[in-house]
$ cat upload_35.cif   # mmCIF, C-alpha atoms, pLDDT in the B column; chains and numbers go by the auth columns
data_upload
#
loop_
_atom_site.group_PDB
_atom_site.id
_atom_site.type_symbol
_atom_site.label_atom_id
_atom_site.label_comp_id
_atom_site.label_asym_id
_atom_site.label_seq_id
_atom_site.Cartn_x
_atom_site.Cartn_y
_atom_site.Cartn_z
_atom_site.B_iso_or_equiv
_atom_site.auth_seq_id
_atom_site.auth_asym_id
ATOM 1 C CA MET A 1 -22.669 -29.913 -18.014 79.00 1 A
ATOM 2 C CA VAL A 2 -24.260 -28.042 -20.901 91.00 2 A
ATOM 3 C CA ILE A 3 -22.940 -24.695 -22.091 92.00 3 A
ATOM 4 C CA THR A 4 -26.112 -22.683 -22.656 93.00 4 A
ATOM 5 C CA GLU A 5 -24.613 -19.295 -23.517 92.00 5 A
ATOM 6 C CA VAL A 6 -21.285 -17.695 -24.404 93.00 6 A
ATOM 7 C CA ARG A 7 -20.974 -13.907 -24.521 93.00 7 A
ATOM 8 C CA ILE A 8 -17.998 -12.210 -26.122 93.00 8 A
ATOM 9 C CA LYS A 9 -16.547 -8.711 -25.699 92.00 9 A
ATOM 10 C CA LEU A 10 -14.064 -8.014 -28.475 91.00 10 A
ATOM 11 C CA CYS A 11 -10.954 -6.001 -27.611 87.00 11 A
ATOM 12 C CA GLU A 12 -9.633 -3.069 -29.576 79.00 12 A
ATOM 13 C CA ALA A 13 -7.664 -3.938 -32.699 73.00 13 A
ATOM 14 C CA ASN A 14 -4.489 -2.400 -31.200 68.00 14 A
ATOM 15 C CA SER A 15 -4.363 -5.060 -28.441 67.00 15 A
ATOM 16 C CA GLU A 16 -1.373 -7.297 -29.179 79.00 16 A
ATOM 17 C CA ARG A 17 -2.392 -10.755 -27.943 89.00 17 A
ATOM 18 C CA LEU A 18 -5.651 -10.243 -26.007 90.00 18 A
ATOM 19 C CA LEU A 19 -8.459 -10.690 -28.545 92.00 19 A
ATOM 20 C CA ALA A 20 -11.557 -10.699 -26.322 92.00 20 A
ATOM 21 C CA PHE A 21 -13.122 -11.305 -22.931 92.00 21 A
ATOM 22 C CA CYS A 22 -15.963 -13.757 -22.553 92.00 22 A
ATOM 23 C CA SER A 23 -18.422 -15.270 -20.104 93.00 23 A
ATOM 24 C CA VAL A 24 -19.768 -18.801 -20.201 93.00 24 A
ATOM 25 C CA THR A 25 -23.136 -19.876 -18.761 93.00 25 A
ATOM 26 C CA PHE A 26 -23.676 -23.497 -17.743 92.00 26 A
ATOM 27 C CA ASP A 27 -27.143 -25.100 -17.598 92.00 27 A
ATOM 28 C CA ASN A 28 -28.824 -21.647 -17.588 90.00 28 A
ATOM 29 C CA ALA A 29 -27.835 -21.519 -13.910 91.00 29 A
ATOM 30 C CA PHE A 30 -24.131 -20.742 -13.385 92.00 30 A
ATOM 31 C CA VAL A 31 -21.945 -18.156 -15.117 90.00 31 A
ATOM 32 C CA VAL A 32 -18.171 -17.786 -15.192 91.00 32 A
ATOM 33 C CA ARG A 33 -16.958 -14.364 -16.356 90.00 33 A
ATOM 34 C CA ASP A 34 -13.685 -12.808 -17.427 89.00 34 A
ATOM 35 C CA LEU A 35 -12.275 -15.665 -19.451 92.00 35 A
ATOM 36 C CA LYS A 36 -9.725 -14.258 -21.899 92.00 36 A
ATOM 37 C CA ILE A 37 -9.309 -15.218 -25.537 93.00 37 A
ATOM 38 C CA ILE A 38 -5.613 -14.875 -26.363 92.00 38 A
ATOM 39 C CA GLU A 39 -3.586 -15.217 -29.555 91.00 39 A
ATOM 40 C CA GLY A 40 -0.769 -17.551 -28.539 89.00 40 A
ATOM 41 C CA THR A 41 2.250 -18.788 -30.454 89.00 41 A
ATOM 42 C CA LYS A 42 0.342 -21.985 -31.335 90.00 42 A
ATOM 43 C CA GLY A 43 -3.000 -20.301 -32.096 90.00 43 A
ATOM 44 C CA ILE A 44 -5.988 -18.984 -30.175 92.00 44 A
ATOM 45 C CA PHE A 45 -6.580 -20.306 -26.648 92.00 45 A
ATOM 46 C CA VAL A 46 -8.847 -19.535 -23.705 93.00 46 A
ATOM 47 C CA ALA A 47 -7.335 -18.392 -20.393 91.00 47 A
ATOM 48 C CA MET A 48 -9.445 -18.945 -17.293 92.00 48 A
ATOM 49 C CA PRO A 49 -10.223 -16.093 -14.864 90.00 49 A
ATOM 50 C CA SER A 50 -7.372 -15.669 -12.409 84.00 50 A
ATOM 51 C CA ARG A 51 -6.077 -13.558 -9.552 85.00 51 A
ATOM 52 C CA LYS A 52 -2.599 -12.230 -8.856 83.00 52 A
ATOM 53 C CA LEU A 53 -0.647 -14.262 -6.327 83.00 53 A
ATOM 54 C CA THR A 54 0.751 -12.423 -3.318 85.00 54 A
ATOM 55 C CA ASP A 55 3.010 -13.114 -0.388 86.00 55 A
ATOM 56 C CA ARG A 56 3.777 -11.284 2.843 88.00 56 A
ATOM 57 C CA CYS A 57 6.673 -8.946 3.596 88.00 57 A
ATOM 58 C CA HIS A 58 9.245 -10.489 5.940 86.00 58 A
ATOM 59 C CA LYS A 59 9.419 -7.198 7.868 88.00 59 A
ATOM 60 C CA CYS A 60 5.846 -5.854 8.239 92.00 60 A
ATOM 61 C CA THR A 61 3.720 -8.801 6.932 88.00 61 A
ATOM 62 C CA CYS A 62 1.926 -6.607 4.350 90.00 62 A
ATOM 63 C CA LYS A 63 0.711 -8.465 1.238 87.00 63 A
ATOM 64 C CA ASN A 64 2.597 -7.734 -1.997 85.00 64 A
ATOM 65 C CA HIS A 65 2.285 -9.027 -5.551 83.00 65 A
ATOM 66 C CA LEU A 66 4.999 -11.551 -6.356 83.00 66 A
ATOM 67 C CA ARG A 67 6.432 -9.255 -9.029 81.00 67 A
ATOM 68 C CA ALA A 68 6.966 -6.419 -6.492 85.00 68 A
ATOM 69 C CA ARG A 69 10.603 -5.694 -5.670 86.00 69 A
ATOM 70 C CA PHE A 70 9.822 -3.565 -2.605 91.00 70 A
ATOM 71 C CA CYS A 71 7.070 -3.783 0.035 90.00 71 A
ATOM 72 C CA ASN A 72 4.116 -1.480 -0.624 86.00 72 A
ATOM 73 C CA GLN A 73 3.784 -0.760 3.109 88.00 73 A
ATOM 74 C CA CYS A 74 7.275 -0.432 4.626 91.00 74 A
ATOM 75 C CA GLY A 75 9.528 -0.259 1.534 89.00 75 A
ATOM 76 C CA ALA A 76 11.671 -3.248 2.524 89.00 76 A
ATOM 77 C CA LYS A 77 13.486 -4.972 -0.343 90.00 77 A
ATOM 78 C CA LEU A 78 11.793 -8.250 -1.280 86.00 78 A
ATOM 79 C CA ASP A 79 13.416 -11.392 -2.657 84.00 79 A
ATOM 80 C CA GLU A 80 12.959 -11.242 -6.445 79.00 80 A
ATOM 81 C CA HIS A 81 13.045 -15.051 -6.740 78.00 81 A
ATOM 82 C CA ARG A 82 10.341 -15.841 -4.169 82.00 82 A
ATOM 83 C CA ALA A 83 7.698 -16.922 -6.730 79.00 83 A
ATOM 84 C CA MET A 84 7.209 -20.628 -7.425 79.00 84 A
ATOM 85 C CA ARG A 85 8.453 -21.728 -10.850 80.00 85 A
ATOM 86 C CA ASP A 86 6.800 -24.027 -13.385 77.00 86 A
ATOM 87 C CA ASN A 87 8.600 -26.792 -15.319 80.00 87 A
ATOM 88 C CA ASP A 88 9.863 -24.241 -17.875 80.00 88 A
ATOM 89 C CA GLY A 89 11.339 -22.034 -15.133 77.00 89 A
ATOM 90 C CA ARG A 90 8.736 -19.266 -15.518 78.00 90 A
ATOM 91 C CA ALA A 91 7.478 -17.594 -12.342 76.00 91 A
ATOM 92 C CA LYS A 92 3.902 -18.536 -11.357 79.00 92 A
ATOM 93 C CA LEU A 93 2.329 -15.100 -10.791 78.00 93 A
ATOM 94 C CA HIS A 94 -1.399 -15.902 -11.152 76.00 94 A
ATOM 95 C CA ALA A 95 -3.779 -18.617 -9.925 81.00 95 A
ATOM 96 C CA ASP A 96 -6.984 -19.655 -11.694 81.00 96 A
ATOM 97 C CA ILE A 97 -10.203 -18.749 -9.886 84.00 97 A
ATOM 98 C CA ALA A 98 -12.276 -21.218 -11.890 87.00 98 A
ATOM 99 C CA HIS A 99 -10.996 -23.858 -14.285 85.00 99 A
ATOM 100 C CA PRO A 100 -11.834 -27.245 -15.813 89.00 100 A
ATOM 101 C CA ILE A 101 -10.552 -30.284 -13.929 91.00 101 A
ATOM 102 C CA HIS A 102 -9.705 -32.437 -16.957 92.00 102 A
ATOM 103 C CA SER A 103 -8.748 -31.957 -20.612 92.00 103 A
ATOM 104 C CA VAL A 104 -12.136 -33.106 -21.989 93.00 104 A
ATOM 105 C CA ALA A 105 -13.915 -30.305 -20.092 92.00 105 A
ATOM 106 C CA ARG A 106 -11.249 -27.787 -21.173 92.00 106 A
ATOM 107 C CA GLU A 107 -11.634 -28.754 -24.834 94.00 107 A
ATOM 108 C CA HIS A 108 -15.444 -28.577 -24.537 94.00 108 A
ATOM 109 C CA ILE A 109 -15.309 -25.041 -23.092 94.00 109 A
ATOM 110 C CA GLN A 110 -12.536 -23.842 -25.399 93.00 110 A
ATOM 111 C CA GLY A 111 -14.337 -25.171 -28.493 94.00 111 A
ATOM 112 C CA ALA A 112 -17.583 -23.389 -27.574 95.00 112 A
ATOM 113 C CA VAL A 113 -15.776 -20.131 -26.733 95.00 113 A
ATOM 114 C CA ILE A 114 -13.683 -20.054 -29.925 95.00 114 A
ATOM 115 C CA LYS A 115 -16.773 -20.820 -32.032 95.00 115 A
ATOM 116 C CA ALA A 116 -18.690 -17.958 -30.345 94.00 116 A
ATOM 117 C CA PHE A 117 -15.657 -15.662 -30.757 94.00 117 A
ATOM 118 C CA THR A 118 -15.498 -16.371 -34.510 93.00 118 A
ATOM 119 C CA GLU A 119 -19.230 -15.685 -34.872 94.00 119 A
ATOM 120 C CA GLU A 120 -19.000 -12.476 -32.790 93.00 120 A
ATOM 121 C CA ARG A 121 -16.099 -11.217 -34.892 91.00 121 A
ATOM 122 C CA GLU A 122 -18.208 -11.715 -38.049 93.00 122 A
ATOM 123 C CA ARG A 123 -21.231 -9.982 -36.444 91.00 123 A
ATOM 124 C CA SER A 124 -19.028 -7.034 -35.456 90.00 124 A
ATOM 125 C CA LYS A 125 -18.459 -6.289 -39.152 90.00 125 A
ATOM 126 C CA LEU A 126 -22.189 -5.753 -39.744 90.00 126 A
ATOM 127 C CA PRO A 127 -23.767 -2.278 -39.496 91.00 127 A
ATOM 128 C CA GLY A 128 -25.533 -1.603 -36.191 88.00 128 A
ATOM 129 C CA TYR A 129 -23.474 -4.158 -34.249 88.00 129 A
ATOM 130 C CA VAL A 130 -23.969 -3.988 -30.467 85.00 130 A
ATOM 131 C CA CYS A 131 -21.956 -6.032 -27.957 85.00 131 A
ATOM 132 C CA THR A 132 -24.172 -7.936 -25.491 77.00 132 A
ATOM 133 C CA TYR A 133 -21.423 -8.903 -23.030 77.00 133 A
ATOM 134 C CA ASP A 134 -22.298 -6.231 -20.438 67.00 134 A
ATOM 135 C CA GLU A 135 -26.061 -6.915 -20.409 56.00 135 A
ATOM 136 C CA TYR A 136 -25.880 -9.527 -17.680 52.00 136 A
ATOM 137 C CA ASP A 137 -26.783 -8.943 -14.101 49.00 137 A
ATOM 138 C CA TYR A 138 -30.591 -9.021 -14.081 45.00 138 A
ATOM 139 C CA ASP A 139 -33.346 -10.851 -15.871 47.00 139 A
ATOM 140 C CA GLY A 140 -35.575 -7.789 -16.269 45.00 140 A
ATOM 141 C CA GLY A 141 -37.729 -8.263 -13.174 45.00 141 A
ATOM 142 C CA GLU A 142 -39.400 -5.259 -11.540 47.00 142 A
ATOM 143 C CA ASP A 143 -38.178 -6.068 -8.021 47.00 143 A
ATOM 144 C CA VAL A 144 -34.444 -5.707 -8.682 43.00 144 A
ATOM 145 C CA PRO A 145 -32.621 -3.869 -5.877 42.00 145 A
ATOM 146 C CA VAL A 146 -30.807 -0.818 -7.206 46.00 146 A
ATOM 147 C CA SER A 147 -28.146 -0.604 -4.520 49.00 147 A
ATOM 148 C CA TYR A 148 -26.437 -2.576 -1.795 49.00 148 A
ATOM 149 C CA GLY A 149 -28.521 -0.744 0.821 51.00 149 A
ATOM 150 C CA ALA A 150 -31.753 -1.650 -0.987 53.00 150 A
ATOM 151 C CA MET A 151 -30.650 -5.268 -1.267 52.00 151 A
ATOM 152 C CA VAL A 152 -29.838 -5.479 2.461 51.00 152 A
ATOM 153 C CA THR A 153 -33.158 -3.813 3.337 57.00 153 A
ATOM 154 C CA GLU A 154 -34.965 -6.300 1.098 57.00 154 A
ATOM 155 C CA MET A 155 -33.312 -9.097 3.093 56.00 155 A
ATOM 156 C CA GLY A 156 -34.836 -7.635 6.295 57.00 156 A
ATOM 157 C CA LYS A 157 -31.682 -6.062 7.673 53.00 157 A
ATOM 158 C CA GLY A 158 -30.793 -2.414 8.200 52.00 158 A
ATOM 159 C CA VAL A 159 -27.816 -0.430 6.968 50.00 159 A
ATOM 160 C CA LYS A 160 -26.116 1.895 9.472 54.00 160 A
ATOM 161 C CA PRO A 161 -24.135 4.849 8.114 54.00 161 A
ATOM 162 C CA HIS A 162 -20.735 5.326 9.675 51.00 162 A
ATOM 163 C CA GLY A 163 -18.761 8.461 10.475 56.00 163 A
ATOM 164 C CA ALA A 164 -16.123 10.156 8.357 59.00 164 A
ATOM 165 C CA HIS A 165 -12.705 8.572 7.970 53.00 165 A
ATOM 166 C CA PRO A 166 -9.633 10.342 9.391 59.00 166 A
ATOM 167 C CA ALA A 167 -7.162 11.917 6.985 57.00 167 A
ATOM 168 C CA PRO A 168 -4.582 9.422 5.697 53.00 168 A
ATOM 169 C CA LYS A 169 -1.148 9.346 7.310 55.00 169 A
ATOM 170 C CA GLY A 170 2.120 8.437 5.686 51.00 170 A
ATOM 171 C CA THR A 171 5.038 9.656 3.640 49.00 171 A
ATOM 172 C CA HIS A 172 2.928 10.987 0.753 48.00 172 A
ATOM 173 C CA PHE A 173 1.164 13.547 2.913 45.00 173 A
ATOM 174 C CA ASN A 174 2.285 16.570 4.902 46.00 174 A
ATOM 175 C CA ALA A 175 3.659 14.992 8.091 46.00 175 A
ATOM 176 C CA ASP A 176 3.617 18.315 9.972 51.00 176 A
ATOM 177 C CA ALA A 177 -0.124 18.841 9.511 47.00 177 A
ATOM 178 C CA PRO A 178 -2.333 17.310 12.222 51.00 178 A
ATOM 179 C CA ALA A 179 -4.703 14.549 11.139 48.00 179 A
ATOM 180 C CA THR A 180 -8.230 15.897 10.657 48.00 180 A
ATOM 181 C CA LYS A 181 -11.498 14.378 9.643 47.00 181 A
ATOM 182 C CA THR A 182 -12.330 14.798 5.989 45.00 182 A
ATOM 183 C CA THR A 183 -15.680 15.638 4.470 47.00 183 A
ATOM 184 C CA ALA A 184 -16.941 14.911 1.010 47.00 184 A
ATOM 185 C CA LYS A 185 -16.561 17.756 -1.455 46.00 185 A
ATOM 186 C CA GLY A 186 -19.120 18.592 -4.071 46.00 186 A
ATOM 187 C CA PRO A 187 -18.253 19.228 -7.720 44.00 187 A
ATOM 188 C CA GLU A 188 -18.440 23.000 -7.174 46.00 188 A
ATOM 189 C CA GLU A 189 -15.432 22.832 -4.845 45.00 189 A
ATOM 190 C CA PHE A 190 -13.289 21.184 -7.510 44.00 190 A
ATOM 191 C CA GLY A 191 -13.923 23.723 -10.240 46.00 191 A
ATOM 192 C CA ALA A 192 -16.560 24.563 -12.796 45.00 192 A
ATOM 193 C CA GLY A 193 -17.418 22.059 -15.475 45.00 193 A
ATOM 194 C CA LEU A 194 -16.550 18.940 -13.504 45.00 194 A
ATOM 195 C CA VAL A 195 -19.369 16.623 -12.583 42.00 195 A
#

$ encode --input "upload_35.cif" --output "structure tokens"
Amino acid sequence: MVITEVRIKLCEANSERLLAFCSVTFDNAFVVRDLKIIEGTKGIFVAMPSRKLTDRCHKCTCKNHLRARFCNQCGAKLDEHRAMRDNDGRAKLHADIAHPIHSVAREHIQGAVIKAFTEERERSKLPGYVCTYDEYDYDGGEDVPVSYGAMVTEMGKGVKPHGAHPAPKGTHFNADAPATKTTAKGPEEFGAGLV
């Protein structure tokens, strides 16, 4: 496994612990994005991309983040101690999406990322500095699809438009008003100057 590229996006100076985001490319073939470079109590470390853990409401089975005290769907009170705990007693609220399997791989990735972060921080002090983190998705070819529809068409499939969605129902809307179909509004209907 060879790390062929590391891209860094520095965070604003007012961010307390989050120093930067980064992406790591392996063997010019596979990229992992949204790693975080964090200032910890023992120094800088790299946090792998993760997702928030959820569980289901005991009453309506709607998914809720483990930190939620009430269900987002039905409002039922949720058990505040339902999250799994680590050895230190801290609630496990996130799960890694991608991560190294052993410490040698972690040290290899972390070393490359911290080196690239240090170099990027120095480059950011130079006049005319431009971050390259967001310049990813395409390799500059002429035949790049510009939309999901174009991509599906290029694959030989068609895209069927669907009808309008009904107006939302619930406690945040006027319950007395009948549900009607909504239509998209143009900028002129929202007021002048908005685009």

$ closest_residue --input "upload_35.cif" --among "A:Arg7, A:Cys22, A:Cys60, A:Leu78" --to "Val46 of chain A" --atoms "all atoms listed in the file"
A:Cys22

$ axis_aligned_box --input "upload_35.cif" --around "segment 126-135 of chain A" --padding-each-side "8 Å" --output "AutoDock Vina command-line options"
--center_x -23.7 --center_y -5.3 --center_z -30.1 --size_x 20.6 --size_y 23.3 --size_z 35.3

$ atom_distance --input "upload_35.cif" --atom1 "atom CA of Lys36 of chain A" --atom2 "atom CA of Val24 of chain A"
11.2 Å

$ closest_residue --input "upload_35.cif" --among "A:Lys9, A:His108, A:His94, A:His102" --to "Arg67 of chain A" --atoms "all atoms listed in the file"
A:His94

$ atom_distance --input "upload_35.cif" --atom1 "atom CA of Ala83 of chain A" --atom2 "atom CA of Glu16 of chain A"
26.1 Å

$ resolve_selection --input "upload_35.cif" --expression "the PyMOL selection byres ((chain A and resi 49) around 10)" --output "number ranges by chain"
A: 21-23, 32-36, 46-48, 50-51, 94-99

$ closest_residue --input "upload_35.cif" --among "A:Cys131, A:Ile3, A:Ala91, A:Ile8" --to "Ala116 of chain A" --atoms "all atoms listed in the file"
A:Ile8

$ closest_residue --input "upload_35.cif" --among "A:Thr61, A:Asn28, A:Phe45, A:Arg82" --to "Glu107 of chain A" --atoms "all atoms listed in the file"
A:Phe45

$ resolve_selection --input "upload_35.cif" --expression "the PyMOL selection byres ((chain A and resi 11) around 12)" --output "ChimeraX atom specification"
/A:8-10,12-22,36-39,117,120-121,124,131,133
